[in-house]
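Read the structure below first, then the notes.
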Amino acid sequence: APPSSSSRASRVLCVLTTTSCFAPRAPDLVDEVARLCAARGVAHVVNNAYGTQCARITRLLRRAHAVGRVDLVVQSTDKNLMVPVGGSIVASSSRDAVERVSRAYPGRGSAGPAMDVLITLLAMGAEGYRGLLAAREGLAPRFAERLRGVAEAAGGSLLDVPENGISVALRLGARSTAAGPTMLGSMLYHRGVSGARAVAPGAVKAIGGHEFRNWGAHHDDYPHAYITLACSIGFQEHELGILAARLEATMAEHAGRAGAA
């Protein structure tokens with residue numbers, strides 16, 4: 001006879017869900033997973049890397065806590081609080097869960113990330129931080145539409161992922177694809193667009209004996225090359241014009257290499 005659902009659940013350490021991710025992926029159904037974890041008695045950890053700054057995601061997390069089981073939520077300090085890379089915040093509705101994580105920590109890490117967060121929050125204050133959150137939410141739709149125009153002018157398109165309120169993905173046109181998507185990512189980086197991520201179809205990577213097709217994408221068979229960019233906290237209206245101009249110029253230069261080849 002096949003093993004029962006309860007015996008299978010006992011062999012699962014935890015379920016890991018993700019709220020914030022690169023487009024075209026959308027947040028996982030964290031609330032539905034929380035229901036299943038509560039019903040099966042399985043721990044549930046949420047990767048909430050960028051999610052603290054997104055109202056849609058924070059509502060999803062509140063709903064998950066209300067209807068099911070969420071043990072720990074982990075988010076990056078640099079992505080949400082504009083401090084240097086190197087810190088994270090582990091949150092839980094259970095004081096015991098946080099204390100158990102704290103006791104498991106070896107205690108030899110630098111105090112720098114915690115000091116960065118403290119100084120930044122004291123400087124911004126609650127009103128300042130809320131203002132940055134509101135500004136990001138208001139800019140996100142204009143960010144997507146401006147980049148839609150850039151993509152279409154270059155023969156590509158903006159992938160429609162309304163559930164993802166932070167990241168956007170631009171499908172590359174034929175000439176940019178022929179010139180090599182990863183080269184475009186490198187060119188953007190060297191022109192001060194450090195957050196762009198280029199994905200080329202067909203890459204394969206093996207980890208732990210498992211082969212991942214279309215490595216870097218979110219679907220084994222997605223056929224198109226694309227780049228992703230994020231409208232994250234701290235991004236300002238005037239920077240959108242700078243980004244669009246650099247993106248247009250770099251994509252034109254990059255596509256021209258295909259024509260010259």
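A note on labels: chains of the structure tokens are A, B, ... as shown, every chain counts residues from 1, and ligands are counted from 1 in their shown order.
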
Quick one: contact table of segment 101-214 of chain A to segment 237-259 of chain A, 8 Å max, nearest atom pair and distance in Å to one decimal per residue, counting only C-alpha atoms, chain and number order, as JSON lines?
{"residue": "A:Leu139", "atom": "CA", "partner": "A:Glu237", "partner_atom": "CA", "distance": 7.0}
{"residue": "A:Phe143", "atom": "CA", "partner": "A:Leu240", "partner_atom": "CA", "distance": 6.8}
{"residue": "A:Arg146", "atom": "CA", "partner": "A:Ala244", "partner_atom": "CA", "distance": 7.2}
{"residue": "A:Leu147", "atom": "CA", "partner": "A:Ala244", "partner_atom": "CA", "distance": 6.7}
{"residue": "A:Val150", "atom": "CA", "partner": "A:Glu248", "partner_atom": "CA", "distance": 6.1}
{"residue": "A:Ala154", "atom": "CA", "partner": "A:Met251", "partner_atom": "CA", "distance": 7.2}
{"residue": "A:Arg175", "atom": "CA", "partner": "A:Ala255", "partner_atom": "CA", "distance": 5.1}
{"residue": "A:Ser176", "atom": "CA", "partner": "A:Ala255", "partner_atom": "CA", "distance": 4.6}
{"residue": "A:Ala178", "atom": "CA", "partner": "A:Ala258", "partner_atom": "CA", "distance": 5.9}
{"residue": "A:Ala179", "atom": "CA", "partner": "A:Ala258", "partner_atom": "CA", "distance": 4.6}
{"residue": "A:Met183", "atom": "CA", "partner": "A:His254", "partner_atom": "CA", "distance": 7.9}
{"residue": "A:Leu184", "atom": "CA", "partner": "A:His254", "partner_atom": "CA", "distance": 6.3}
{"residue": "A:Met187", "atom": "CA", "partner": "A:Thr250", "partner_atom": "CA", "distance": 7.0}
{"residue": "A:Leu188", "atom": "CA", "partner": "A:Thr250", "partner_atom": "CA", "distance": 6.7}
{"residue": "A:Arg191", "atom": "CA", "partner": "A:Arg246", "partner_atom": "CA", "distance": 7.5}
{"residue": "A:Val193", "atom": "CA", "partner": "A:Leu243", "partner_atom": "CA", "distance": 7.3}

How about saving the chosen residues, N, CA, C and O atoms kept, as a PDB file, in the first residue's frame?
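To be explicit, this is the file written out as result-v5.pdb:
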ATOM      1  N   LEU A 139       5.234  54.672  -8.251  1.00  0.00           N
ATOM      2  CA  LEU A 139       6.098  54.704  -9.427  1.00  0.00           C
ATOM      3  C   LEU A 139       6.062  53.394 -10.216  1.00  0.00           C
ATOM      4  O   LEU A 139       6.301  53.400 -11.432  1.00  0.00           O
ATOM      5  N   PHE A 143       6.881  52.833 -14.170  1.00  0.00           N
ATOM      6  CA  PHE A 143       8.122  52.119 -14.466  1.00  0.00           C
ATOM      7  C   PHE A 143       7.858  51.054 -15.523  1.00  0.00           C
ATOM      8  O   PHE A 143       8.563  50.960 -16.532  1.00  0.00           O
ATOM      9  N   ARG A 146       6.867  52.660 -19.005  1.00  0.00           N
ATOM     10  CA  ARG A 146       8.000  53.287 -19.702  1.00  0.00           C
ATOM     11  C   ARG A 146       8.899  52.213 -20.322  1.00  0.00           C
ATOM     12  O   ARG A 146       9.347  52.348 -21.466  1.00  0.00           O
ATOM     13  N   LEU A 147       9.139  51.137 -19.594  1.00  0.00           N
ATOM     14  CA  LEU A 147       9.993  50.081 -20.124  1.00  0.00           C
ATOM     15  C   LEU A 147       9.280  49.268 -21.204  1.00  0.00           C
ATOM     16  O   LEU A 147       9.934  48.693 -22.078  1.00  0.00           O
ATOM     17  N   VAL A 150      10.204  51.060 -24.305  1.00  0.00           N
ATOM     18  CA  VAL A 150      11.590  50.782 -24.684  1.00  0.00           C
ATOM     19  C   VAL A 150      11.687  49.412 -25.358  1.00  0.00           C
ATOM     20  O   VAL A 150      12.328  49.262 -26.404  1.00  0.00           O
ATOM     21  N   ALA A 154      12.440  48.341 -29.542  1.00  0.00           N
ATOM     22  CA  ALA A 154      13.573  47.492 -29.914  1.00  0.00           C
ATOM     23  C   ALA A 154      13.128  46.150 -30.490  1.00  0.00           C
ATOM     24  O   ALA A 154      13.950  45.244 -30.645  1.00  0.00           O
ATOM     25  N   ARG A 175      17.104  40.679 -33.015  1.00  0.00           N
ATOM     26  CA  ARG A 175      18.487  41.129 -33.185  1.00  0.00           C
ATOM     27  C   ARG A 175      19.248  41.089 -31.864  1.00  0.00           C
ATOM     28  O   ARG A 175      20.415  40.683 -31.828  1.00  0.00           O
ATOM     29  N   SER A 176      18.599  41.495 -30.768  1.00  0.00           N
ATOM     30  CA  SER A 176      19.255  41.433 -29.464  1.00  0.00           C
ATOM     31  C   SER A 176      19.514  39.990 -29.052  1.00  0.00           C
ATOM     32  O   SER A 176      20.548  39.673 -28.463  1.00  0.00           O
ATOM     33  N   ALA A 178      20.045  37.506 -31.117  1.00  0.00           N
ATOM     34  CA  ALA A 178      21.137  37.008 -31.953  1.00  0.00           C
ATOM     35  C   ALA A 178      22.492  37.525 -31.468  1.00  0.00           C
ATOM     36  O   ALA A 178      23.512  36.834 -31.593  1.00  0.00           O
ATOM     37  N   ALA A 179      22.510  38.728 -30.895  1.00  0.00           N
ATOM     38  CA  ALA A 179      23.766  39.314 -30.425  1.00  0.00           C
ATOM     39  C   ALA A 179      24.225  38.747 -29.092  1.00  0.00           C
ATOM     40  O   ALA A 179      25.356  38.997 -28.683  1.00  0.00           O
ATOM     41  N   MET A 183      25.563  39.206 -23.070  1.00  0.00           N
ATOM     42  CA  MET A 183      26.402  40.349 -23.416  1.00  0.00           C
ATOM     43  C   MET A 183      25.655  41.657 -23.140  1.00  0.00           C
ATOM     44  O   MET A 183      26.241  42.640 -22.669  1.00  0.00           O
ATOM     45  N   LEU A 184      24.355  41.676 -23.417  1.00  0.00           N
ATOM     46  CA  LEU A 184      23.559  42.868 -23.127  1.00  0.00           C
ATOM     47  C   LEU A 184      23.579  43.159 -21.634  1.00  0.00           C
ATOM     48  O   LEU A 184      23.728  44.316 -21.217  1.00  0.00           O
ATOM     49  N   MET A 187      26.889  44.713 -20.810  1.00  0.00           N
ATOM     50  CA  MET A 187      26.980  46.089 -21.302  1.00  0.00           C
ATOM     51  C   MET A 187      26.191  47.044 -20.413  1.00  0.00           C
ATOM     52  O   MET A 187      26.651  48.165 -20.119  1.00  0.00           O
ATOM     53  N   LEU A 188      25.016  46.630 -19.974  1.00  0.00           N
ATOM     54  CA  LEU A 188      24.214  47.476 -19.095  1.00  0.00           C
ATOM     55  C   LEU A 188      24.925  47.713 -17.771  1.00  0.00           C
ATOM     56  O   LEU A 188      24.936  48.833 -17.244  1.00  0.00           O
ATOM     57  N   ARG A 191      27.487  50.276 -17.918  1.00  0.00           N
ATOM     58  CA  ARG A 191      26.934  51.615 -18.169  1.00  0.00           C
ATOM     59  C   ARG A 191      26.098  52.105 -16.988  1.00  0.00           C
ATOM     60  O   ARG A 191      25.287  53.002 -17.116  1.00  0.00           O
ATOM     61  N   VAL A 193      23.821  50.407 -15.129  1.00  0.00           N
ATOM     62  CA  VAL A 193      22.526  49.769 -14.877  1.00  0.00           C
ATOM     63  C   VAL A 193      22.832  48.430 -14.202  1.00  0.00           C
ATOM     64  O   VAL A 193      22.912  47.390 -14.842  1.00  0.00           O
TER      65      VAL A 193
END

Q.
I'd like the neighbourhood of Val42 of chain A as a list in words, where a residue qualifies if any of its atoms comes within 10 Å (using only C-alpha atoms), though same-chain residues fewer than 6 positions away should be ignored.
A.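 In the requested form, the answer reads Ser6, Ala9, Ser10, Arg11, Val12, Leu13, Cys14, Val15, Ala34, Leu36, Arg69, Val70 and Asp71 of chain A.
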
**Q.** Point-to-point distance in Å for atom CA of Val30 of chain A and atom CA of Arg63 of chain A
**A.** 8.7 Å

Q.
Can you pull out the residues contacting Ala23 of chain A? Cut-off 9 Å, using only C-alpha atoms, and skip same-chain residues under 6 positions away; I want them as an MDAnalysis selection string.
A. chainID A and resid 159 161 164 166:169 218 228:230

Q. DSSP on the backbone: what in segment 68-159 of chain A comes out strand (DSSP E or B), as JSON, numbers by chain?
A. {"A": [72, 73, 74, 75, 76, 88, 89, 90, 91, 157, 158]}

Q: Quick one: everything within 8 Å of segment 45-59 of chain A, counting only C-alpha atoms, minus sequence neighbours fewer than 4 positions away in the same chain. Send it as a ChimeraX atom specification.
A: /A:14-21,27,30,63,70-76,79-80,133,137,165-166,232-233

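In this model, the gap between atom CA of Glu99 of chain A and atom CA of Glu127 of chain A comes to 29.4 Å.
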
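Closest approach to Pro162 of chain A among A:Asp96, A:Gly68, A:Ala140, A:Gly149: A:Ala140, based on only C-alpha atoms.
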
Q: Identify all residues of segment 48-234 of chain A in helix (DSSP H, G or I) (DSSP on the backbone) and supply them as number ranges by chain.
A: A: 51-53, 55-67, 77-81, 95-104, 112-153, 174-179, 181-190

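From atom CA of Met82 of chain A back to atom CA of Arg100 of chain A, the distance works out to 27.6 Å.
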
Q.
If we count only C-alpha atoms and set the cut-off at 9 Å, which residues sit around Arg197 of chain A, ignoring sequence neighbours fewer than 5 positions away in its own chain? Please answer as a PyMOL selection string.
A. chain A and resi 22+182+185+226-229

Selected residues written out, N, CA and C atoms, as a PDB file, in the first residue's frame:
ATOM      1  N   PHE A  22      12.157  37.203  -9.518  1.00  0.00           N
ATOM      2  CA  PHE A  22      12.318  37.856 -10.802  1.00  0.00           C
ATOM      3  C   PHE A  22      11.138  37.517 -11.716  1.00  0.00           C
ATOM      4  N   THR A 182      23.329  37.632 -22.690  1.00  0.00           N
ATOM      5  CA  THR A 182      24.201  37.872 -21.543  1.00  0.00           C
ATOM      6  C   THR A 182      25.178  39.015 -21.810  1.00  0.00           C
ATOM      7  N   GLY A 185      23.432  42.117 -20.819  1.00  0.00           N
ATOM      8  CA  GLY A 185      23.484  42.309 -19.374  1.00  0.00           C
ATOM      9  C   GLY A 185      24.813  42.900 -18.934  1.00  0.00           C
ATOM     10  N   TYR A 226      15.255  37.257 -22.358  1.00  0.00           N
ATOM     11  CA  TYR A 226      14.665  38.440 -21.744  1.00  0.00           C
ATOM     12  C   TYR A 226      15.606  39.015 -20.698  1.00  0.00           C
ATOM     13  N   ILE A 227      15.340  40.242 -20.295  1.00  0.00           N
ATOM     14  CA  ILE A 227      16.064  40.858 -19.184  1.00  0.00           C
ATOM     15  C   ILE A 227      15.041  41.304 -18.148  1.00  0.00           C
ATOM     16  N   THR A 228      15.466  41.307 -16.892  1.00  0.00           N
ATOM     17  CA  THR A 228      14.588  41.750 -15.817  1.00  0.00           C
ATOM     18  C   THR A 228      15.182  42.978 -15.141  1.00  0.00           C
ATOM     19  N   LEU A 229      14.311  43.855 -14.679  1.00  0.00           N
ATOM     20  CA  LEU A 229      14.696  45.026 -13.899  1.00  0.00           C
ATOM     21  C   LEU A 229      13.663  45.202 -12.790  1.00  0.00           C
TER      22      LEU A 229
END
